[in-house]
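Asks: Have a peek at coords27.txt (compact mmCIF, C-alpha atoms and all ligand atoms).
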# COMPACT_ATOMS: atom_id res chain seq x y z
CA MET A 1 -13.10 23.73 -6.64
CA THR A 2 -11.43 20.70 -5.18
CA LYS A 3 -8.84 18.84 -7.23
CA LEU A 4 -9.56 15.17 -7.73
CA ILE A 5 -6.31 13.23 -7.28
CA ASP A 6 -6.32 10.62 -10.03
CA GLY A 7 -4.39 7.60 -8.73
CA ARG A 8 -4.70 5.72 -12.01
CA ALA A 9 -3.11 8.55 -14.02
CA ILE A 10 -0.29 8.94 -11.49
CA ALA A 11 0.29 5.17 -11.46
CA ASP A 12 0.55 5.27 -15.27
CA LYS A 13 3.30 7.88 -14.93
CA VAL A 14 5.13 5.56 -12.53
CA TYR A 15 4.82 2.74 -15.07
CA ILE A 16 6.45 4.86 -17.81
CA ASP A 17 9.56 5.22 -15.62
CA LEU A 18 9.46 1.55 -14.59
CA ARG A 19 9.30 0.32 -18.20
CA ARG A 20 12.51 2.23 -18.93
CA GLU A 21 14.20 0.81 -15.81
CA VAL A 22 13.09 -2.73 -16.69
CA ALA A 23 14.55 -2.32 -20.21
CA GLU A 24 17.84 -1.14 -18.70
CA LEU A 25 17.94 -4.12 -16.35
CA LYS A 26 17.16 -6.55 -19.16
CA ALA A 27 20.00 -5.08 -21.20
CA LYS A 28 22.23 -6.06 -18.28
CA GLY A 29 20.79 -9.59 -18.28
CA VAL A 30 18.42 -9.19 -15.33
CA THR A 31 14.65 -9.61 -15.58
CA PRO A 32 13.02 -8.47 -12.32
CA GLY A 33 11.02 -11.36 -10.87
CA LEU A 34 8.15 -11.27 -8.38
CA ALA A 35 6.72 -14.36 -6.65
CA VAL A 36 3.31 -14.07 -5.02
CA ILE A 37 2.14 -16.85 -2.73
CA LEU A 38 -1.57 -17.26 -2.16
CA VAL A 39 -2.72 -19.74 0.47
CA GLY A 40 -6.40 -20.67 0.33
CA ASP A 41 -9.16 -19.31 -1.87
CA ASN A 42 -10.25 -15.99 -0.41
CA PRO A 43 -11.91 -14.33 -3.45
CA ALA A 44 -10.62 -10.82 -2.66
CA SER A 45 -7.05 -12.13 -2.20
CA ARG A 46 -7.34 -14.09 -5.42
CA ALA A 47 -8.37 -10.91 -7.27
CA TYR A 48 -5.41 -8.96 -5.79
CA VAL A 49 -2.97 -11.70 -6.78
CA ARG A 50 -4.40 -11.77 -10.30
CA SER A 51 -3.96 -8.04 -10.75
CA LYS A 52 -0.37 -8.15 -9.42
CA ASP A 53 0.42 -10.96 -11.87
CA ARG A 54 -1.20 -9.05 -14.75
CA MET A 55 0.73 -5.89 -13.99
CA CYS A 56 4.03 -7.82 -13.81
CA ARG A 57 3.39 -9.24 -17.25
CA GLU A 58 2.41 -5.85 -18.69
CA LEU A 59 5.71 -4.41 -17.49
CA GLY A 60 7.75 -7.37 -18.75
CA LEU A 61 8.58 -8.67 -15.28
CA HIS A 62 8.97 -12.37 -14.53
CA SER A 63 5.86 -13.29 -12.52
CA MET A 64 5.49 -16.43 -10.44
CA LYS A 65 2.11 -17.15 -8.89
CA LEU A 66 2.01 -19.93 -6.29
CA GLU A 67 -1.53 -20.94 -5.40
CA LEU A 68 -1.48 -23.28 -2.44
CA PRO A 69 -4.45 -25.06 -0.83
CA ALA A 70 -5.91 -23.72 2.44
CA SER A 71 -4.64 -26.92 4.10
CA THR A 72 -0.99 -25.91 3.51
CA THR A 73 0.92 -26.22 6.77
CA GLN A 74 3.23 -23.64 8.30
CA ILE A 75 6.19 -25.95 7.62
CA ASP A 76 5.24 -26.39 3.94
CA LEU A 77 4.83 -22.66 3.52
CA LEU A 78 8.17 -21.93 5.18
CA ALA A 79 9.80 -24.44 2.82
CA ARG A 80 8.30 -22.61 -0.19
CA VAL A 81 9.60 -19.29 1.12
CA GLU A 82 13.08 -20.79 1.62
CA GLU A 83 13.04 -22.07 -1.96
CA LEU A 84 12.15 -18.63 -3.28
CA ASN A 85 14.78 -16.99 -1.06
CA ARG A 86 17.35 -19.13 -2.90
CA ASP A 87 15.87 -18.67 -6.41
CA SER A 88 18.02 -16.12 -8.25
CA SER A 89 15.29 -15.42 -10.85
CA ILE A 90 13.08 -14.04 -8.05
CA HIS A 91 13.87 -10.60 -6.60
CA GLY A 92 10.64 -9.97 -4.69
CA ILE A 93 8.46 -12.32 -2.65
CA LEU A 94 5.16 -11.65 -0.99
CA VAL A 95 2.66 -13.81 0.80
CA GLN A 96 -0.83 -12.48 0.17
CA SER A 97 -2.56 -11.40 3.37
CA PRO A 98 -4.56 -12.68 5.16
CA PRO A 99 -3.40 -16.32 5.16
CA PRO A 100 -5.65 -18.97 6.78
CA ALA A 101 -5.91 -18.73 10.58
CA HIS A 102 -3.54 -21.67 11.28
CA ILE A 103 -0.65 -19.81 9.59
CA ASP A 104 1.60 -17.65 11.77
CA GLU A 105 1.92 -14.70 9.38
CA ALA A 106 4.59 -12.89 11.40
CA ALA A 107 6.82 -15.97 11.34
CA ILE A 108 6.42 -16.22 7.56
CA VAL A 109 7.38 -12.57 7.14
CA ARG A 110 10.47 -13.10 9.32
CA ALA A 111 11.47 -16.04 7.10
CA LEU A 112 11.61 -13.86 3.97
CA ALA A 113 15.05 -12.75 2.87
CA PRO A 114 14.93 -9.03 3.78
CA HIS A 115 16.37 -8.06 0.38
CA LYS A 116 13.39 -9.79 -1.29
CA ASP A 117 10.74 -8.45 1.11
CA VAL A 118 9.11 -6.03 -1.37
CA ASP A 119 6.12 -5.54 0.97
CA GLY A 120 8.51 -3.99 3.50
CA PHE A 121 7.08 -5.91 6.47
CA HIS A 122 10.24 -7.75 7.62
CA PRO A 123 11.64 -6.34 10.92
CA GLU A 124 14.88 -5.47 9.14
CA ASN A 125 13.00 -3.27 6.65
CA VAL A 126 10.91 -1.71 9.43
CA ALA A 127 14.18 -0.83 11.17
CA ARG A 128 15.60 0.66 7.95
CA LEU A 129 12.51 2.86 7.64
CA VAL A 130 12.92 4.09 11.21
CA LEU A 131 16.65 4.64 10.58
CA GLU A 132 15.87 6.45 7.29
CA ASP A 133 18.09 4.04 5.37
CA PRO A 134 16.94 4.34 1.73
CA SER A 135 18.20 0.86 0.82
CA GLY A 136 15.30 -0.75 2.72
CA PHE A 137 11.81 -1.50 1.41
CA VAL A 138 8.93 0.73 2.51
CA PRO A 139 5.41 -0.80 2.52
CA CYS A 140 3.64 -0.14 -0.78
CA THR A 141 0.53 1.73 0.38
CA PRO A 142 2.40 4.39 2.41
CA LEU A 143 4.87 4.78 -0.45
CA GLY A 144 1.94 5.21 -2.84
CA VAL A 145 0.30 7.84 -0.65
CA GLN A 146 3.54 9.84 -0.47
CA ARG A 147 3.97 9.64 -4.25
CA LEU A 148 0.36 10.76 -4.84
CA LEU A 149 0.94 13.84 -2.71
CA LEU A 150 4.26 14.67 -4.36
CA GLU A 151 2.94 14.21 -7.90
CA THR A 152 -0.07 16.39 -7.09
CA GLY A 153 2.24 19.16 -5.91
CA VAL A 154 1.02 19.05 -2.31
CA GLU A 155 3.66 20.49 0.02
CA ILE A 156 4.47 17.80 2.59
CA SER A 157 7.44 19.58 4.12
CA GLY A 158 6.29 21.69 7.06
CA ALA A 159 2.68 20.52 6.77
CA HIS A 160 0.70 19.15 9.69
CA VAL A 161 -0.37 15.66 8.61
CA VAL A 162 -2.91 13.72 10.62
CA VAL A 163 -2.92 9.98 9.92
CA LEU A 164 -5.98 8.04 11.07
CA GLY A 165 -4.94 4.48 11.88
CA ARG A 166 -1.76 2.95 13.33
CA SER A 167 -1.52 -0.41 11.57
CA MET A 168 1.87 -1.82 10.60
CA ILE A 169 0.72 -1.93 6.98
CA VAL A 170 -0.47 1.64 6.54
CA GLY A 171 -0.69 4.11 9.44
CA LYS A 172 2.57 3.53 11.29
CA PRO A 173 4.94 3.25 8.28
CA LEU A 174 3.17 6.21 6.65
CA ALA A 175 3.76 8.39 9.71
CA LEU A 176 7.43 7.35 9.76
CA LEU A 177 7.82 8.05 6.04
CA LEU A 178 6.27 11.50 6.09
CA MET A 179 8.26 12.64 9.13
CA GLN A 180 11.60 11.58 7.60
CA LYS A 181 14.21 14.28 7.46
CA ASN A 182 14.35 14.71 3.67
CA LYS A 183 12.70 16.77 0.94
CA ASN A 184 9.83 14.28 0.50
CA GLY A 185 9.10 14.23 4.23
CA ASN A 186 9.65 16.87 6.90
CA ALA A 187 5.98 16.82 7.91
CA THR A 188 4.72 17.28 11.45
CA VAL A 189 2.79 14.06 11.90
CA THR A 190 0.04 13.22 14.37
CA VAL A 191 -1.37 9.69 14.46
CA VAL A 192 -4.86 9.03 15.81
CA HIS A 193 -6.49 5.67 16.47
CA SER A 194 -9.52 4.11 18.11
CA ARG A 195 -8.51 5.28 21.61
CA SER A 196 -7.69 8.87 20.66
CA GLY A 197 -9.58 11.60 22.43
CA ASN A 198 -10.62 14.76 20.57
CA LEU A 199 -10.19 13.10 17.21
CA ALA A 200 -12.21 15.72 15.29
CA GLN A 201 -10.32 18.55 16.96
CA THR A 202 -7.04 16.95 15.87
CA THR A 203 -8.08 16.29 12.28
CA ARG A 204 -9.45 19.86 11.99
CA SER A 205 -5.96 21.19 12.72
CA ALA A 206 -4.43 19.24 9.82
CA ASP A 207 -3.26 20.51 6.46
CA ILE A 208 -3.35 16.93 5.18
CA VAL A 209 -5.64 14.20 6.54
CA ILE A 210 -4.97 10.58 5.61
CA ALA A 211 -7.69 8.12 6.57
CA ALA A 212 -6.72 4.44 6.97
CA ILE A 213 -9.09 2.92 9.51
CA GLY A 214 -11.40 0.61 7.57
CA ARG A 215 -14.64 2.35 8.65
CA ALA A 216 -16.97 3.21 5.78
CA GLU A 217 -17.41 6.99 5.33
CA PHE A 218 -16.17 7.72 8.85
CA LEU A 219 -14.50 11.07 8.09
CA ARG A 220 -17.16 13.76 7.73
CA ALA A 221 -17.06 17.41 6.65
CA ASP A 222 -16.85 18.61 10.25
CA HIS A 223 -13.63 16.60 10.74
CA ILE A 224 -11.63 18.81 8.39
CA ARG A 225 -10.83 22.44 7.88
CA GLU A 226 -11.62 24.37 4.69
CA GLY A 227 -8.85 23.81 2.09
CA ALA A 228 -7.36 20.64 3.62
CA VAL A 229 -6.00 17.83 1.44
CA VAL A 230 -7.63 14.45 2.11
CA VAL A 231 -6.26 11.05 1.13
CA ASP A 232 -8.61 8.11 1.54
CA VAL A 233 -6.86 4.75 1.95
CA GLY A 234 -9.95 2.86 3.09
CA ILE A 235 -11.62 0.18 1.03
CA ASN A 236 -14.93 -0.93 2.51
CA ARG A 237 -17.74 -2.99 1.04
CA VAL A 238 -21.19 -1.62 1.76
CA HIS A 239 -24.39 -3.42 0.94
CA ASP A 240 -26.01 -2.10 -2.25
CA ARG A 241 -28.94 -4.01 -3.65
CA LEU A 242 -28.87 -1.89 -6.82
CA SER A 243 -25.39 -3.12 -7.68
CA GLU A 244 -24.98 -6.36 -9.61
CA ARG A 245 -22.48 -7.63 -7.02
CA GLY A 246 -24.77 -6.72 -4.13
CA TYR A 247 -22.21 -4.28 -2.72
CA ARG A 248 -20.19 -1.22 -3.66
CA LEU A 249 -16.81 0.01 -2.51
CA VAL A 250 -16.50 3.14 -0.40
CA GLY A 251 -13.58 4.68 1.42
CA ASP A 252 -13.15 5.88 5.00
CA VAL A 253 -14.18 9.36 3.86
CA ALA A 254 -17.72 10.60 3.20
CA PHE A 255 -16.62 11.81 -0.21
CA GLU A 256 -19.68 13.87 -1.20
CA GLU A 257 -19.63 16.19 1.79
CA VAL A 258 -15.87 16.21 2.49
CA SER A 259 -14.91 17.05 -1.11
CA LYS A 260 -16.91 20.29 -0.83
CA LYS A 261 -14.34 21.56 1.70
CA THR A 262 -11.06 20.12 0.44
CA SER A 263 -8.49 21.63 -1.91
CA ALA A 264 -7.61 18.13 -3.15
CA ILE A 265 -8.99 14.65 -2.44
CA THR A 266 -8.56 11.06 -3.63
CA PRO A 267 -11.56 9.03 -4.82
CA VAL A 268 -12.32 5.42 -3.90
CA PRO A 269 -11.81 3.50 -6.09
CA GLY A 270 -9.16 5.08 -8.33
CA GLY A 271 -7.07 6.86 -5.69
CA VAL A 272 -4.64 5.04 -3.42
CA GLY A 273 -5.48 1.52 -4.71
CA PRO A 274 -3.73 1.80 -8.11
CA MET A 275 -0.69 3.38 -6.41
CA THR A 276 -0.26 0.45 -4.03
CA ILE A 277 0.27 -1.97 -6.90
CA ALA A 278 2.48 0.53 -8.76
CA MET A 279 4.72 0.77 -5.69
CA LEU A 280 4.90 -3.03 -5.46
CA MET A 281 6.21 -3.05 -9.01
CA ALA A 282 8.64 -0.23 -8.14
CA ASN A 283 9.91 -2.14 -5.09
CA THR A 284 10.44 -5.26 -7.21
CA VAL A 285 12.46 -3.29 -9.77
CA LYS A 286 14.45 -1.75 -6.89
CA ALA A 287 15.16 -5.25 -5.51
CA ALA A 288 16.34 -6.40 -8.95
CA LYS A 289 18.65 -3.36 -9.24
CA GLN A 290 20.09 -4.08 -5.81
CA SER A 291 20.84 -7.65 -6.90
CA LEU A 292 23.34 -6.41 -9.49
P1 LIG B 1 -6.34 -2.21 10.46
O1 LIG B 1 -7.67 -2.75 10.83
O2 LIG B 1 -5.12 -3.06 10.59
O3 LIG B 1 -6.09 -0.87 11.30
C1 LIG B 1 -7.09 0.08 11.45
C2 LIG B 1 -6.59 1.20 12.29
O4 LIG B 1 -7.64 2.17 12.41
C3 LIG B 1 -6.23 0.80 13.72
O5 LIG B 1 -5.06 1.49 14.12
C4 LIG B 1 -7.43 1.26 14.53
O6 LIG B 1 -7.13 1.68 15.83
C5 LIG B 1 -7.89 2.47 13.76
N1 LIG B 1 -9.33 2.70 13.94
C6 LIG B 1 -10.35 1.83 13.79
N2 LIG B 1 -11.53 2.42 14.07
C7 LIG B 1 -11.24 3.70 14.40
C8 LIG B 1 -12.02 4.80 14.80
N3 LIG B 1 -13.35 4.71 14.89
N4 LIG B 1 -11.40 5.96 15.05
C9 LIG B 1 -10.06 6.07 14.96
N5 LIG B 1 -9.25 5.06 14.60
C10 LIG B 1 -9.84 3.88 14.33
O7 LIG B 1 -6.50 -1.69 8.95
P2 LIG B 1 -5.43 -1.43 7.79
O8 LIG B 1 -4.47 -0.38 8.20
O9 LIG B 1 -4.90 -2.70 7.28
O10 LIG B 1 -6.39 -0.84 6.66
C11 LIG B 1 -7.13 0.33 6.85
C12 LIG B 1 -8.02 0.54 5.64
O11 LIG B 1 -7.22 0.71 4.48
C13 LIG B 1 -8.95 -0.65 5.32
O12 LIG B 1 -10.16 -0.15 4.78
C14 LIG B 1 -8.19 -1.40 4.25
O13 LIG B 1 -9.06 -2.15 3.41
C15 LIG B 1 -7.57 -0.26 3.50
N6 LIG B 1 -6.36 -0.61 2.76
C16 LIG B 1 -6.28 -0.12 1.49
C17 LIG B 1 -5.17 -0.35 0.75
C18 LIG B 1 -5.10 0.23 -0.61
O14 LIG B 1 -4.28 -0.19 -1.41
N7 LIG B 1 -5.91 1.23 -0.93
C19 LIG B 1 -4.05 -1.16 1.25
C20 LIG B 1 -4.19 -1.55 2.65
C21 LIG B 1 -5.33 -1.29 3.36
P3 LIG B 1 -6.55 0.67 16.97
O15 LIG B 1 -5.10 0.49 16.61
O16 LIG B 1 -6.74 1.43 18.22
O17 LIG B 1 -7.34 -0.59 16.87
Please express what this file holds, its structure, as structure tokens.
Ligand code: NDP

Replies:
Amino acid sequence: MTKLIDGRAIADKVYIDLRREVAELKAKGVTPGLAVILVGDNPASRAYVRSKDRMCRELGLHSMKLELPASTTQIDLLARVEELNRDSSIHGILVQSPPPAHIDEAAIVRALAPHKDVDGFHPENVARLVLEDPSGFVPCTPLGVQRLLLETGVEISGAHVVVLGRSMIVGKPLALLLMQKNKNGNATVTVVHSRSGNLAQTTRSADIVIAAIGRAEFLRADHIREGAVVVDVGINRVHDRLSERGYRLVGDVAFEEVSKKTSAITPVPGGVGPMTIAMLMANTVKAAKQSL
């Protein structure tokens, strides 16, 4: 029987520790503060920002939500970021992705103070991840995937991990994190992408397969070996006329058939998603601690 990895339950465990850390910080006169900037009115982005704000409040964090019109210019946005960089009540800043097309997202990320970049996208934090400097910020989804595996008791050290996808948000930082030379890493990591040959042969040799490609139900039973652990990062909308919303969410893994072969697997939703937000909260608390 495969074990279903419950991301919500593991995130709740993370929150128990975070509540204690927040109380300790408050006793020292510091309330961790997170500012989230949303430019435009993308409904999915709006929903993400709302849930980040709600979680901050639940944990007793100071939450600042800046909702700016889609017409906001690059210069205006940079000015807002500069303001938040200087604001001592704010320890973490993130600009919800994707911004409107006229915004140069990379330039905005570079303008963030690296010690407030709780998304871990600033070049300085990328470098710290490569250098294995624990004071840097690691992107939230990779951090969440690692935590899910550790909390489930999956042995990462010595395992062959195949990561599908090489984005700067998920695949690449995840590969770097899991190959780090420490007790939570030490994996042998292979990364595959859209130009990889023999993809199925590679994934079949993995102890742990992590799918982050954004292709609905791409990973099938014949992509994995019996007993593998599968983590599904993907979130894809597929048309469903029976659903009230007209769509349902599926991952990058064909859950029904793959789960028959795995020893452990994450569902979508309820797997990696809740961990991403938990790690954002954890990074914000870390930033507040570092400010002391
Ligand atoms: P990107 O589109 O930035 O990257 C996708 C990666 O997958 C690319 O490296 C691409 O290869 C690779 N890829 C695409 N098609 C194939 C294919 N057929 N075979 C092999 N590799 C392929 O996506 P993200 O990394 O931002 O996100 C990936 C998924 O994870 C999405 O579904 C997204 O919604 C989800 N996500 C979920 C989060 C969560 O909290 N659960 C957080 C972030 C993302 P190439 O580089 O060659 O183009």

Asks: Report as a tab-separated table: every residue of chain A with an atom at most 8 Å from ligand LIG 1 (chain B), its closest pair of atoms, and their distance in Å to one decimal, counting only C-alpha atoms and all ligand atoms, with rows sorted by chain and ascending residue number.

Replies:
residue	atom	partner	partner_atom	distance
A:Cys140	CA	B:LIG1	O14	7.9
A:Thr141	CA	B:LIG1	O14	5.5
A:Leu164	CA	B:LIG1	N5	5.7
A:Gly165	CA	B:LIG1	O4	3.6
A:Arg166	CA	B:LIG1	O5	3.7
A:Ser167	CA	B:LIG1	O8	4.5
A:Met168	CA	B:LIG1	O8	6.9
A:Ile169	CA	B:LIG1	O8	5.6
A:Val170	CA	B:LIG1	O8	4.8
A:Gly171	CA	B:LIG1	O8	6.0
A:Val192	CA	B:LIG1	N5	6.0
A:His193	CA	B:LIG1	N5	3.4
A:Ser194	CA	B:LIG1	N5	3.6
A:Arg195	CA	B:LIG1	O16	5.4
A:Ser196	CA	B:LIG1	C9	6.8
A:Leu199	CA	B:LIG1	C9	7.4
A:Ala211	CA	B:LIG1	C12	7.6
A:Ala212	CA	B:LIG1	C11	4.1
A:Ile213	CA	B:LIG1	O4	3.3
A:Gly214	CA	B:LIG1	O12	3.1
A:Arg215	CA	B:LIG1	N2	6.2
A:Ala216	CA	B:LIG1	O12	7.7
A:Phe218	CA	B:LIG1	N3	7.3
A:Asp232	CA	B:LIG1	N7	7.8
A:Val233	CA	B:LIG1	N7	4.6
A:Gly234	CA	B:LIG1	O12	3.5
A:Ile235	CA	B:LIG1	O12	4.0
A:Asn236	CA	B:LIG1	O12	5.3
A:Gly251	CA	B:LIG1	O12	6.8
A:Asp252	CA	B:LIG1	O12	6.7
A:Gly271	CA	B:LIG1	N7	7.5
A:Val272	CA	B:LIG1	N7	4.7
A:Gly273	CA	B:LIG1	N7	3.8
A:Pro274	CA	B:LIG1	O14	7.0
A:Met275	CA	B:LIG1	O14	7.1
A:Thr276	CA	B:LIG1	O14	4.8
A:Ile277	CA	B:LIG1	O14	7.3

Asks: Could you please determine the separation between CA of Lys116 (chain A) and CA of Lys181 (chain A) in Å, to one decimal place?

Replies: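 Taking CA of Lys116 (chain A) as the start and CA of Lys181 (chain A) as the end point, the length is 25.6 Å.
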
Asks: Nearest residue to Glu67 (chain A) out of A:Ala221, A:Ile103, A:Val36, A:Ile265, using only C-alpha atoms?

Replies: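 For Glu67 (chain A), the nearest of the given residues is A:Val36.
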
Asks: Rounded to one decimal in Å, what is the spacing between CA of Leu66 (chain A) and CA of Ala35 (chain A)?

Replies: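 A separation of 7.3 Å between them.
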
Asks: Please provide as a ChimeraX atom specification all residues within 10 Å of Ser291 (chain A), with the sequence filter that same-chain residues fewer than 6 positions apart are discarded (counting all atoms listed in the file).

Replies: /A:30,32,88,91,115-116,285

Asks: Kindly extract all protein, DNA and RNA residues lying within 12 Å of the coordinates (0.7, 0.1, -7.4) given in the file, considering only C-alpha atoms, and supply them as an MDAnalysis selection string.

Replies: chainID A and resid 7:15 18 48 51:56 119 139:145 147:148 270:284

Asks: Which residue gives the smallest distance to Ala47 (chain A) among A:Asn85, A:Thr72, A:Asn186, A:Gln96, with only C-alpha atoms counted?

Replies: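 The closest residue to Ala47 (chain A) is A:Gln96.
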
Asks: Within 8 Å of (4.2, -15.5, 0.7), in the coordinates the file gives, what residues turn up when you count all atoms listed in the file, written out as a count of residues only?

Replies: 12

Asks: With only C-alpha atoms as the basis for distance, which of A:Leu242, A:Ala79, A:Pro98, A:Ser89 is at the shortest distance from Pro43 (chain A)?

Replies: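 Nearest candidate to Pro43 (chain A) out of A:Leu242, A:Ala79, A:Pro98, A:Ser89: A:Pro98.
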
Asks: Could you tell me which of A:Leu249, A:Leu84, A:Ala70, A:Ala254 comes closest to Pro99 (chain A) if we count all atoms listed in the file?

Replies: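 Closest candidate: A:Ala70.
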
Asks: Skip Glu226 (chain A) itself and residues of its chain fewer than 3 positions away, then list as a PyMOL selection string all residues within 8 Å of it, counting only C-alpha atoms.

Replies: chain A and resi 261-263

Asks: So how far away is CA of Leu176 (chain A) from CA of Val189 (chain A), in Å?

Replies: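 Between CA of Val189 (chain A) and CA of Leu176 (chain A) the gap is 8.4 Å.
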
Asks: For region 154-161 of chain A, please output as number ranges by chain all residues within 12 Å (counting all atoms listed in the file; exclusion window: fewer than 6 positions along the same chain).

Replies: A: 3, 5, 145-148, 171, 174-192, 202-211, 224, 227-231, 263-265

Asks: Considering all atoms listed in the file, can you say which of A:Ser135, A:Val39, A:Ser63, A:Gln290 comes closest to Asp76 (chain A)?

Replies: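 Result for the nearest residue to Asp76 (chain A): A:Val39.
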